[in-house]
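Trainee: The structure under discussion is supplied below as structure tokens; questions concerning it will follow.
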Amino acid sequence: MASEAKNVGILAMDIYFPPNCVLQEELETHDGVSKGKYTIGLGQESMAFCTEVEDVISMSLTVVKSLLKNYNIDPKCIGRLEVGSETVIDKSKSIKTWLMQIFEESGNTDIEGVDSSNACYGGTAALFNCVNWVESNSWDGRYGLVVCTDSAVYAEGPARPTGGAAAIAMLIGPNAPISFESKYRGSHMAHVYDFYKPDLASEYPVVDGKLSQTCYLMALDSCYNVFCKKYEKNEGKQFSIFDADYVVFHSPYNKLVQKSFARLYYNDFLRNCSTVDEESREKLAPYAGLSSEESYQSRDLEKASQQVAKNLYDSKVQPTTLIPKQVGNMYTASLYAALASIIHNRHETLAGQRIVMFSYGSGLTSTMFSFKINEGQHPFSLLNIANIMDVSKKLKARHVVPPKKFVETLKLMEHRYGAKDFVTSQDTSLLSAGTYYLTHVDSMYRRFYDVKGDSVTTAISNGH
């Protein structure tokens, strides 16, 4: 069976993000910070957030049901379901178990997989697990399904505008339009305290912002180095960012994405790649002797490398930034929301191209890998994936919430986090049909959800 699985990768995608968002420009005014601190300094435009009726479980239920319906997938055809998330709802019960309600209805309880968690990397771990299953002798011919779901929220302060929320579902199988180049994969794993969540009574993380940015760039350097060596070993020629048609980064905020691509250009300069032109070499030459640590802290290098890489950034990275800029940091879903952005922006011209991906999770875990893009066959064609995700329509349909209301919502969520015996407002006025929402949590902490229908609301619960 495994020998039949060729060009394994992503067959289909769907995305869901909450209908509520706050504009970063308005948040700047509300927070009393300098104009442009969030919009230019972070490079963000707006930020999605969950209200009391939505959470990572409701978002994942919504996106899985949507994917199955939109691509006409029989729930019996799913053989593995992996969830990536760092938003802890329960320390024991996986989010995957809530999703099983969708499959139990069709009599399919023979589905492998559970949750993967390590900061923003869990979705990539879940994806690799599904791909490895399809490529293995254990594969039974059914599809794998990956779900990335997170609500990124921060305590009041400088990190708060780097929040966001979304869920993404990806169908995994052979002959995929977005197929893995499995030979080219470089990882970097290490122990560090850059971002972590040790307080189980709070949803908010402990963040060392400066250290986290340095760790991100250090991991990027290491992964790129390994990725290039593997490519060069297999292809017999040097790799540079010119060999990638697009480069997709995990996006805590857009400014870090800009710095990261410039960092890859600087790496190509240090590796003496022939693709780096003479003018760029002259501008980067003063920084050739910096140690790695010095280079991470050098503002002058940062500025010079972004300047020489700008034209390439505009063509290879900018098309990936639409959803992350508009929705914010989606943790495990961020990287794949950026991938969805390219499909939305460039689906007509992607066939035959290579997309390089960089996944990072604090603590830290990271991998660089690549996809080869094929036309695909309906319903698993790039055009159909773009049409089903319908990114523009979903972004335009959102409701802009005043910053004061956003802050009030976060205060309520703080109070509700880990709580029991409460009923939500059940206000579904902004939710579209087919969206799941939280109705109440009982005295035994059991969570209950409904789904908004066109006219009829169907109740679903924690296994009841």
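Please note that chains go A, B, ... in the order of the structure tokens, that every chain numbers its residues from 1, and that ligands are numbered from 1 in the order shown.
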Using DSSP on the backbone coordinates, identify all residues within region 200-340 of chain A classified as alpha helix (DSSP H); present the result as a PyMOL selection string.

Mentor: chain A and resi 209-235+254-270+278-284+292-297+299-316+322-327+334-340

Trainee: Could you give me, as a tab-separated table, a per-residue list for region 136-243 of chain A showing, wherever an atom lies at most 7 Å from an atom of region 73-93 of chain A, the closest pair of atoms and their distance in Å to one decimal, using only C-alpha atoms and sorting by chain then residue number from low to high?

Mentor:
```
residue	atom	partner	partner_atom	distance
A:Arg142	CA	A:Gly79	CA	5.2
A:Tyr143	CA	A:Ile78	CA	4.8
A:Gly144	CA	A:Arg80	CA	4.7
A:Leu145	CA	A:Leu81	CA	4.8
A:Val146	CA	A:Glu82	CA	5.0
A:Val147	CA	A:Val83	CA	4.7
A:Cys148	CA	A:Gly84	CA	4.7
A:Thr149	CA	A:Ser85	CA	5.4
A:Asp150	CA	A:Thr87	CA	5.7
A:Ser151	CA	A:Thr87	CA	6.5
```

Trainee: Please list as JSON, numbers by chain every residue within 7 Å of region 316-327 of chain A, counting only C-alpha atoms and excluding residues in the same chain fewer than 3 positions away.

Mentor: {"A": [44, 45, 46, 47, 48, 164, 165, 245, 246, 247, 248, 251, 254, 312, 313, 334, 337, 338, 339, 341, 342, 345]}

Trainee: What is the distance, in Å and to one decimal place, between CA of Leu220 (chain A) and CA of Ser315 (chain A)?

Mentor: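 About the pair CA of Leu220 (chain A) and CA of Ser315 (chain A): they are 20.2 Å apart.
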
Trainee: Region 358-369 of chain A: which residues within 8 Å, counting only C-alpha atoms, same-chain residues fewer than 6 positions away excluded, as an NGL selection string?

Mentor: :A and (118-122 or 124 or 180-182 or 184-196 or 212 or 215-216 or 219-220 or 223-224 or 227 or 247-250 or 335)

Trainee: What parts of region 231-309 of chain A does DSSP call strand (DSSP E)? I'd like the answer as a ChimeraX atom specification.

Mentor: /A:246-249

Trainee: Can you spit out the residues from that selection as a tab-separated table (two decimals), in the first residue's frame, using all heavy atoms?

Mentor:
```tsv
chain	number	residue	atom	x	y	z
A	246	TYR	N	8.45	30.93	-3.69
A	246	TYR	CA	7.88	31.66	-2.55
A	246	TYR	C	8.50	31.12	-1.27
A	246	TYR	O	8.87	29.94	-1.20
A	246	TYR	CB	6.36	31.50	-2.49
A	246	TYR	CG	5.66	32.12	-3.67
A	246	TYR	CD1	5.30	31.35	-4.78
A	246	TYR	CD2	5.39	33.49	-3.70
A	246	TYR	CE1	4.69	31.93	-5.88
A	246	TYR	CE2	4.78	34.08	-4.80
A	246	TYR	CZ	4.44	33.29	-5.89
A	246	TYR	OH	3.85	33.86	-6.99
A	247	VAL	N	8.62	31.99	-0.27
A	247	VAL	CA	9.12	31.58	1.04
A	247	VAL	C	8.06	31.98	2.08
A	247	VAL	O	7.66	33.14	2.14
A	247	VAL	CB	10.48	32.23	1.38
A	247	VAL	CG1	11.03	31.65	2.69
A	247	VAL	CG2	11.48	31.99	0.25
A	248	VAL	N	7.63	30.99	2.86
A	248	VAL	CA	6.55	31.19	3.83
A	248	VAL	C	7.12	31.05	5.24
A	248	VAL	O	7.79	30.05	5.55
A	248	VAL	CB	5.43	30.16	3.61
A	248	VAL	CG1	4.28	30.39	4.60
A	248	VAL	CG2	4.92	30.23	2.18
A	249	PHE	N	6.85	32.02	6.09
A	249	PHE	CA	7.36	32.01	7.46
A	249	PHE	C	6.22	31.94	8.47
A	249	PHE	O	5.15	32.52	8.26
A	249	PHE	CB	8.15	33.30	7.75
A	249	PHE	CG	9.36	33.48	6.90
A	249	PHE	CD1	9.28	34.16	5.68
A	249	PHE	CD2	10.60	33.00	7.30
A	249	PHE	CE1	10.41	34.35	4.89
A	249	PHE	CE2	11.73	33.19	6.52
A	249	PHE	CZ	11.63	33.86	5.30
```

Trainee: Can you tell me, as a list in words, what residues are no more than 12 Å from Ser295 (chain A) when counting only C-alpha atoms, ignoring any on the same chain fewer than 3 positions away?

Mentor: Thr214, Leu217, Met218, Asp221, Arg263, Tyr266, Asn267, Leu270, Leu284, Pro286, Tyr287, Ala288, Gly289, Leu290, Ser291, Ser292, Ser298, Arg299, Asp300, Leu301, Glu302, Lys303, Ala304 and Ser305 of chain A

Trainee: Mind checking which residues fall within 10 Å of region 393-397 of chain A, counting only C-alpha atoms, ignoring those fewer than 3 positions away in the same chain, and posting them as a list in words?

Mentor: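 My reading of the contact set: Ile15, Tyr16, Phe17, Pro18, Pro19, Asn20, Cys21, Leu322, Ile323, Gln326, Val327, Met389, Asp390, Val400, Leu430 and Ser432 of chain A.
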
Trainee: Would you export the selected residues with C-alpha atoms as a compact mmCIF listing (two decimals), in the first residue's frame, please?

Mentor:
```txt
# COMPACT_ATOMS: atom_id res chain seq x y z
CA ILE A 15 -9.84 28.12 7.06
CA TYR A 16 -11.99 29.70 9.75
CA PHE A 17 -11.35 32.80 11.82
CA PRO A 18 -13.74 34.62 14.20
CA PRO A 19 -15.98 37.35 12.74
CA ASN A 20 -14.73 39.85 15.35
CA CYS A 21 -11.59 41.90 14.84
CA LEU A 322 -2.38 38.77 3.61
CA ILE A 323 -4.11 36.65 6.27
CA GLN A 326 -5.29 40.85 8.83
CA VAL A 327 -5.97 38.11 11.40
CA MET A 389 -11.42 29.11 1.27
CA ASP A 390 -12.87 32.34 -0.19
CA VAL A 400 -14.76 45.69 13.52
CA LEU A 430 -22.30 37.65 13.89
CA SER A 432 -22.54 32.48 9.84
```

Trainee: Between CA of Ala285 (chain A) and CA of Asn225 (chain A), measure the distance and give it in Å to one decimal.

Mentor: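 CA of Asn225 (chain A) lies at a distance of 20.0 Å from CA of Ala285 (chain A).
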
Trainee: Find, counting only C-alpha atoms, the residue in A:Ser179, A:Lys404, A:Ala386, A:Ser58 that gets nearest to Gly434 (chain A).

Mentor: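 Once distances to Gly434 (chain A) are computed over only C-alpha atoms, the minimum belongs to A:Ser58.
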
Trainee: Do a neighbour search on region 36-42 of chain A at 12 Å with only C-alpha atoms, toss out local chain neighbours closer than 5 positions, and write the hits as an MDAnalysis selection string.

Mentor: chainID A and resid 23:31 47 158:163 251:259 324:326 328:329

Trainee: When you draw a straight line from CA of Asn384 (chain A) to CA of Leu67 (chain A), how long is it in Å?

Mentor: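 Those two atoms sit 12.0 Å apart.
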
Trainee: From the set A:Leu383, A:Val153, A:Ala12, A:Leu61, which residue has the shortest atom-to-atom contact distance to Phe406 (chain A), counting only C-alpha atoms?

Mentor: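 Of the candidates, the smallest distance to Phe406 (chain A) is held by A:Val153.
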
Trainee: I'd like to know which of A:Ala433, A:Ile10, A:Leu412, A:Ile343 is closest to Ser66 (chain A), using only C-alpha atoms.

Mentor: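 Of the candidates, the smallest distance to Ser66 (chain A) is held by A:Ala433.
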
Trainee: Find the residue from A:Cys228, A:Leu438, A:Ile241, A:Val131 that sits nearest to Met170 (chain A); use only C-alpha atoms when measuring.

Mentor: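 Of A:Cys228, A:Leu438, A:Ile241, A:Val131, the one nearest Met170 (chain A) is A:Val131, counting only C-alpha atoms.
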